[in-house]
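Below: the structure, in C-alpha cells.
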Number of protein chains: 2
Amino acid sequence: MKTRIGIVGYGNLGRGTELAVAAAKDMELAAVFTRRSPESVHILTPNVPVVHVDEIEAWQDKIDVLILCGGSATDLPVQTPHFARMFNVIDSFDTHARIPEHFAAVDAAAKEGGKVGMISVGWDPGLFSLNRVYANAILPDGRDYTFWGKGVSQGHSDAIRRIKGVKNAKQYTIPCPDALEAVRSGSQPELTTRQKHTRECFVVLEDGADAAAVEQQIKEMPNYFADYDTTVHFISEEELLKEHAGMAHGGFVFRCGKTGQQKEHTHIIEYRLTLDSNPEFTTSVLIAYARAVKRLYDEGQAGAKTVLDIPPAYLCAQSGEELRAHFL
Amino acid sequence: MKTRIGIVGYGNLGRGTELAVAAAKDMELAAVFTRRSPESVHILTPNVPVVHVDEIEAWQDKIDVLILCGGSATDLPVQTPHFARMFNVIDSFDTHARIPEHFAAVDAAAKEGGKVGMISVGWDPGLFSLNRVYANAILPDGRDYTFWGKGVSQGHSDAIRRIKGVKNAKQYTIPCPDALEAVRSGSQPELTTRQKHTRECFVVLEDGADAAAVEQQIKEMPNYFADYDTTVHFISEEELLKEHAGMAHGGFVFRCGKTGQQKEHTHIIEYRLTLDSNPEFTTSVLIAYARAVKRLYDEGQAGAKTVLDIPPAYLCAQSGEELRAHFL
C-alpha cells in the first residue's frame, strides 16, 4: 500500500510537496487542506480533493503523514503541535533560535496523540545540520563554516520593501569566492561577516521616491545590511518580475579539522547544494523524511524527531539488502 | 565512564585509531592486540598494554568496542565474524562487491554472541555511501557520480610493482577537472572511464631494466591502466621515498537531479573530501561510529550494522538537546 500524504497549505511549499509526492513511486496524495475557500484552490493532481482545514479531523484514518507547508513565523508554532495530536506530521520550521521550544511543544503533543512529529526538515535546518553533526563527530578538533547562496533572502527582501519609497525588491545573498577559497585551503581563517557574504539588491522605487536616500537607508540598516558590502540596483518593476522571479538557492557547509600526533594533518569536508528551486528541493527532502516518519510510526514510536534521529536507510523505499548491495 | 576501545592490528589504521581515541574525550584505549611478538610493538599511548591476539578472550569484560584494523583482502573476512561473537566490533571492510556476504557472516556471528558488529565504516564505503543514500532518497530522478583522488591507489601501485624490472612504485588517481565541471554544470553528462580519471605513476626501476618496455606494460595493463590516460615518470628510490610517502586522498560524490512539473529544475548535491592522511581520517570515522556501536549495544541491539542504519545523533557525545540547540 502506498503512503498516503496530506498537505496543509498550498503555497510554494505545498506545490513543491505535490510534485515530490508525484515523483515518489511509493506515495500518493490523499488531500490538500487550505484555509482559503477550497473552490478557489486549483491543484495539479487529478482526482484529489481540496478540503477546508476545519474539516481535517475526519481524515485521520485516510492519511499516513501530513506535510505542514506554512511559514515558520506564525503558522508552524501553532499548527505543528495542533496537528501532531491527530496525525503524523512533518514541518520545515527554520527559526534556528526557537527550535528547542518548538521541539518541546511538538514532542508533548505528539506523545499525547501517539504520533510522530518531525520538525525542521529541509536543507538548513536539515541537510546542512546533518553535515555539521557528522563532520563534528568525525573531526572533533576543527572549525565549521556555513555559507548561503547565491540565493534570494526573503527576510532581507522584506526589510527593503518596508522602506518608504520602495515599491518592490529582491535581495541576493552571495558567498565571497575569496572566503570559500580560504576555507578550502585548510588554513582555518577567521572570517568577519563582511568577508563571508555580499548582498545585492534589486529595487523598484515608487514614483517620485529619492533613490539616493533609499540606497543610504538600505546600506545603513543595522543587522540586515550595515555589516556587509551591499550593492543596490534600481530597476523597473517589469524587469524585477522578469529577471528576478526565480527561486534558486544553495550554499556550503565546511568542516576543516586536524589529526595526527602533532595535529600535522588537515582534512576538509565540504557539502555543497546548488538548487534551481528552493521550495521544490526543500519539499523533496520533506517527502524522503515522510517515508521515515511512516516507518517510525509503524514501529510504535511517538514524539518529536529531527533529522539527527533518523537512520539514513529509513529515507529509502529499498530494503536494507538492496541498499547495501548498490549504495554502500 | 569512558568507552573502552581495543585495537586489533597495529599498522597505519591501528596507529590512526590510537590517535582518534586520544582526540575523543569520552574514550580511552584499553589494549592493542597484535599477531606479532607484543614486545616488538611500540605504541604511542603510555600505560596501555600490547597483548598477543591469542589472549584476547580474557579481555571481554574490559573492552566496549574492538576496532579491527586488518586488511579487507584476507584479514577482515575471517577476523570480523570471529571477534563479533565475543566483542562489539567495527571494521572498514572495503571490497564493495563482497559486502553482502561479509554482512551476512558478521550478522550471524554477532547475533550468536549478542553483540553489535558494524562493517564497512570509513569514507568509501562509509561517508560516500551515506551521501549516495541521502541524495538518492531526496532526488529520485537523477544521476550519481563518484570521483576519487587525488590520492594513492594501493591496488594500482601494487600492480605496477609486480612488473618485472620495477623496484618500487606509487600510482596517483586524479579526477579530471573537465569532468568535475561538466557534472557541476548540471548537464548530467555521460562520462567514459577515460574522461573521469587520469593515472600518474612514479616508478623506480631495477638496475638495467628497460624503461620503455616497463612503460608500455603499465599503459597496456587491462582493467588497471588500459582504459585511462596514464603518465609514467621514472624516478630514483630516494625521490620516491622523499616525495611520494604521503597518504593524502579524497574524492567527490555528486548527485544531479531534476524536479518540477516538466522536470525543468536541476539540483546538484556535492560532497567533497580533501584528506591529508587517508588512514587518520578513516579511523576518525571508525571512532565516531564506535560511540554509536556502544549505544546500540547498551540499548540491547545485536547483529550486523552499517552506516546506513545509524541515526546521526548516535555518533556524538552531546545530548539530543545540545545537538538541537547548537547544530540543527
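In the C-alpha cells, the first chain shown is A, the next is B, and so on; residue numbers restart at 1 for each chain, and ligands run from 1 in the order shown.
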
Worksheet item: If you run DSSP on the backbone, which residues of region 256-321 of chain A are strand (DSSP E or B), as JSON, numbers by chain?
Response: {"A": [256, 257, 258, 259, 265, 266, 267, 268, 269, 270, 271, 272, 273, 274, 275, 277, 303, 304, 305]}

Worksheet item: Counting only C-alpha atoms, what is within 7 Å of Gly149 (chain B), bar same-chain residues fewer than 4 positions away, as a PyMOL selection string?
Response: chain B and resi 173-175+249-251

Worksheet item: Counting only C-alpha atoms, which residues from chain A have an atom at most 6 Å from any atom of chain B, and could you show them as a PyMOL selection string?
Response: chain A and resi 125+129+137-138+265-276+284-285+288+308-313+315-316+327-328

Item to complete: Give me the residues within 9 Å of Val214 (chain B) as a list in words, counting only C-alpha atoms and dropping any in the same chain fewer than 5 places off.
Response: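 Counting only C-alpha atoms, the residues come to Ile160, Ile163, Lys164, Gly165, Val166, Leu205, Ala209 and Lys219 of chain B.
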
Got a sec: who's within 10 Å of Thr193 (chain A), counting only C-alpha atoms, leaving out chain neighbours fewer than 6 positions off, as a CSV table (one decimal) with all heavy atoms, in the first residue's frame?
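Output file result_5.csv follows:
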chain,number,residue,atom,x,y,z
A,227,ASP,N,26.6,45.5,8.2
A,227,ASP,CA,27.9,44.8,8.3
A,227,ASP,C,28.4,44.1,7.0
A,227,ASP,O,29.3,43.3,7.0
A,227,ASP,CB,27.7,43.7,9.4
A,227,ASP,CG,27.4,44.3,10.7
A,227,ASP,OD1,27.8,45.4,11.0
A,227,ASP,OD2,26.7,43.6,11.5
A,228,TYR,N,27.7,44.4,5.9
A,228,TYR,CA,28.0,43.8,4.6
A,228,TYR,C,28.4,44.8,3.5
A,228,TYR,O,27.9,46.0,3.6
A,228,TYR,CB,26.8,43.0,4.1
A,228,TYR,CG,26.4,41.9,5.0
A,228,TYR,CD1,25.5,42.1,6.1
A,228,TYR,CD2,26.8,40.6,4.8
A,228,TYR,CE1,25.1,41.1,6.9
A,228,TYR,CE2,26.4,39.5,5.6
A,228,TYR,CZ,25.5,39.8,6.7
A,228,TYR,OH,25.2,38.8,7.5
A,229,ASP,N,29.1,44.4,2.5
A,229,ASP,CA,29.3,45.2,1.3
A,229,ASP,C,28.0,44.9,0.5
A,229,ASP,O,27.7,43.8,0.0
A,229,ASP,CB,30.5,44.7,0.5
A,229,ASP,CG,31.8,45.2,1.3
A,229,ASP,OD1,31.7,46.2,2.1
A,229,ASP,OD2,32.8,44.6,1.1

Item to complete: Might you pull out every residue within 12 Å of Glu299 (chain A), with only C-alpha atoms counted and same-chain residues fewer than 2 positions away left off, and present them as a VMD selection string?
Response: chain A and resid 114 to 116 292 to 297 301 to 302 314

Preceding selection exported with N, CA and C atoms as a CSV table (one decimal), in the first residue's frame:
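Okay, result-v7.csv is ready:
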chain,number,residue,atom,x,y,z
A,114,GLY,N,0.1,9.8,20.4
A,114,GLY,CA,0.7,8.6,20.0
A,114,GLY,C,1.2,8.7,18.5
A,115,LYS,N,1.6,9.9,18.1
A,115,LYS,CA,2.0,10.1,16.7
A,115,LYS,C,3.5,10.5,16.7
A,116,VAL,N,4.0,10.6,15.5
A,116,VAL,CA,5.4,11.1,15.3
A,116,VAL,C,5.3,12.5,14.7
A,292,ALA,N,10.4,8.0,6.3
A,292,ALA,CA,10.9,7.6,7.6
A,292,ALA,C,9.9,7.8,8.7
A,293,VAL,N,9.1,8.8,8.7
A,293,VAL,CA,8.1,9.0,9.7
A,293,VAL,C,7.1,7.9,9.7
A,294,LYS,N,6.6,7.5,8.6
A,294,LYS,CA,5.7,6.3,8.5
A,294,LYS,C,6.3,5.1,9.1
A,295,ARG,N,7.6,4.8,8.9
A,295,ARG,CA,8.3,3.7,9.4
A,295,ARG,C,8.4,3.7,11.0
A,296,LEU,N,8.8,4.9,11.5
A,296,LEU,CA,8.9,5.1,12.9
A,296,LEU,C,7.5,4.8,13.6
A,297,TYR,N,6.4,5.4,13.0
A,297,TYR,CA,5.1,5.2,13.5
A,297,TYR,C,4.7,3.7,13.5
A,301,GLN,N,6.8,4.1,17.5
A,301,GLN,CA,7.4,5.2,18.1
A,301,GLN,C,6.4,6.4,18.2
A,302,ALA,N,6.7,7.4,19.1
A,302,ALA,CA,5.8,8.6,19.2
A,302,ALA,C,6.7,9.7,19.7
A,314,TYR,N,16.2,4.7,6.5
A,314,TYR,CA,14.7,4.9,6.7
A,314,TYR,C,14.2,5.9,5.6

Worksheet item: What's the 9 Å shell around region 27-35 of chain A, counting only C-alpha atoms, without same-chain residues fewer than 2 positions away, as an NGL selection string?
Response: :A and (1-10 or 14 or 18 or 21-25 or 37-38 or 41 or 43 or 45 or 48-56 or 59 or 62-63 or 287 or 291)

Next, the residues of the selection above should be written as a compact mmCIF listing (two decimals), in the first residue's frame with N, CA and C atoms.
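Result file follows (out.txt):
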# COMPACT_ATOMS: atom_id res chain seq x y z
N MET A 1 0.84 -1.21 0.00
CA MET A 1 0.00 0.00 0.00
C MET A 1 0.87 1.25 0.00
N LYS A 2 0.48 2.23 -0.79
CA LYS A 2 1.26 3.46 -0.84
C LYS A 2 1.07 4.30 0.43
N THR A 3 2.09 5.09 0.76
CA THR A 3 1.98 6.01 1.88
C THR A 3 1.10 7.19 1.46
N ARG A 4 0.07 7.45 2.28
CA ARG A 4 -0.91 8.49 1.91
C ARG A 4 -0.50 9.82 2.54
N ILE A 5 -0.27 10.80 1.69
CA ILE A 5 0.24 12.10 2.13
C ILE A 5 -0.88 13.14 2.10
N GLY A 6 -0.96 13.95 3.15
CA GLY A 6 -1.83 15.13 3.16
C GLY A 6 -0.97 16.38 3.19
N ILE A 7 -1.43 17.43 2.54
CA ILE A 7 -0.69 18.70 2.51
C ILE A 7 -1.55 19.76 3.18
N VAL A 8 -0.95 20.53 4.11
CA VAL A 8 -1.66 21.66 4.71
C VAL A 8 -1.02 22.95 4.22
N GLY A 9 -1.75 23.70 3.40
CA GLY A 9 -1.25 24.97 2.87
C GLY A 9 -0.74 24.80 1.45
N TYR A 10 -1.31 25.57 0.53
CA TYR A 10 -0.95 25.35 -0.88
C TYR A 10 -0.28 26.58 -1.48
N GLY A 14 3.64 23.93 -0.63
CA GLY A 14 2.56 22.98 -0.89
C GLY A 14 2.64 22.43 -2.31
N GLU A 18 3.47 18.56 -3.57
CA GLU A 18 2.63 17.83 -4.52
C GLU A 18 3.50 17.20 -5.63
N VAL A 21 5.59 14.25 -4.15
CA VAL A 21 4.78 13.04 -3.96
C VAL A 21 4.61 12.33 -5.31
N ALA A 22 4.34 13.11 -6.36
CA ALA A 22 4.16 12.51 -7.69
C ALA A 22 5.43 11.80 -8.17
N ALA A 23 6.60 12.29 -7.73
CA ALA A 23 7.87 11.69 -8.16
C ALA A 23 8.24 10.45 -7.34
N ALA A 24 7.50 10.19 -6.26
CA ALA A 24 7.82 9.06 -5.37
C ALA A 24 6.85 7.92 -5.67
N LYS A 25 7.40 6.80 -6.14
CA LYS A 25 6.54 5.68 -6.59
C LYS A 25 5.74 5.05 -5.45
N SER A 37 -11.02 29.36 0.62
CA SER A 37 -12.18 28.64 0.12
C SER A 37 -11.68 27.53 -0.81
N PRO A 38 -12.00 26.25 -0.53
CA PRO A 38 -11.44 25.15 -1.33
C PRO A 38 -11.70 25.31 -2.83
N VAL A 41 -8.90 27.01 -4.83
CA VAL A 41 -7.56 26.42 -4.89
C VAL A 41 -7.53 25.34 -5.97
N ILE A 43 -5.32 22.56 -7.76
CA ILE A 43 -4.08 21.79 -7.65
C ILE A 43 -3.82 21.05 -8.96
N THR A 45 -2.77 17.70 -9.30
CA THR A 45 -3.05 16.26 -9.34
C THR A 45 -4.55 16.03 -9.58
N VAL A 48 -7.88 14.51 -6.72
CA VAL A 48 -7.51 14.64 -5.31
C VAL A 48 -8.29 15.83 -4.74
N PRO A 49 -8.99 15.63 -3.62
CA PRO A 49 -9.83 16.70 -3.09
C PRO A 49 -9.04 17.83 -2.42
N VAL A 50 -9.54 19.05 -2.57
CA VAL A 50 -9.07 20.19 -1.78
C VAL A 50 -10.14 20.41 -0.70
N VAL A 51 -9.69 20.42 0.55
CA VAL A 51 -10.62 20.38 1.68
C VAL A 51 -10.31 21.56 2.60
N HIS A 52 -11.36 22.14 3.19
CA HIS A 52 -11.09 23.21 4.16
C HIS A 52 -10.44 22.61 5.40
N VAL A 53 -9.44 23.31 5.92
CA VAL A 53 -8.65 22.77 7.02
C VAL A 53 -9.51 22.51 8.27
N ASP A 54 -10.66 23.19 8.38
CA ASP A 54 -11.54 22.93 9.53
C ASP A 54 -12.11 21.52 9.53
N GLU A 55 -12.06 20.87 8.37
CA GLU A 55 -12.64 19.51 8.28
C GLU A 55 -11.57 18.41 8.37
N ILE A 56 -10.38 18.78 8.80
CA ILE A 56 -9.25 17.83 8.72
C ILE A 56 -9.41 16.63 9.64
N TRP A 59 -10.22 13.17 8.47
CA TRP A 59 -9.25 12.50 7.58
C TRP A 59 -8.21 11.67 8.33
N LYS A 62 -7.35 8.38 6.88
CA LYS A 62 -7.08 8.34 5.43
C LYS A 62 -5.72 8.93 5.07
N ILE A 63 -4.97 9.34 6.08
CA ILE A 63 -3.67 9.98 5.83
C ILE A 63 -2.61 9.37 6.74
N ILE A 287 9.56 14.92 1.70
CA ILE A 287 8.92 13.67 1.28
C ILE A 287 9.81 12.46 1.57
N ARG A 291 8.71 9.21 4.45
CA ARG A 291 8.88 7.76 4.42
C ARG A 291 9.40 7.25 5.77

Discussion item. Give me the residues near region 81-92 of chain B as an MDAnalysis selection string, where near means some atom within 6 Å (using only C-alpha atoms) and where sequence neighbours in that chain fewer than 3 positions away do not count.
Written reply: chainID B and resid 65:68 105:106 109:110 113 115:122

Item to complete: Name the residues of region 30-258 of chain A that come out as helix (DSSP H, G or I) in a backbone DSSP run; write them as an MDAnalysis selection string.
Response: chainID A and resid 38:40 53:59 75:84 96:113 127:138 154:161 177:184 193:196 211:220 237:243

Worksheet item: In terms of the shortest atom-to-atom distance over only C-alpha atoms, which of B:Leu191, B:Ala58, B:Ala104, B:Val152 is closest to Met247 (chain B)?
Response: B:Val152

Worksheet item: What gap, in Å, lies between CA of Glu215 (chain A) and CA of Ala73 (chain A)?
Response: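 Between CA of Glu215 (chain A) and CA of Ala73 (chain A) the gap is 27.6 Å.
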
Worksheet item: CA of Lys170 (chain B) and CA of Trp148 (chain B), how far apart in Å?
Response: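 Interatomic distance, CA of Trp148 (chain B) to CA of Lys170 (chain B): 15.7 Å.
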
Practice prompt. Go ahead and compute the interatomic distance for CA of Phe234 (chain A) and CA of Lys150 (chain A), in Å to one decimal.
Written response: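 Going from CA of Phe234 (chain A) over to CA of Lys150 (chain A), I get 19.6 Å.
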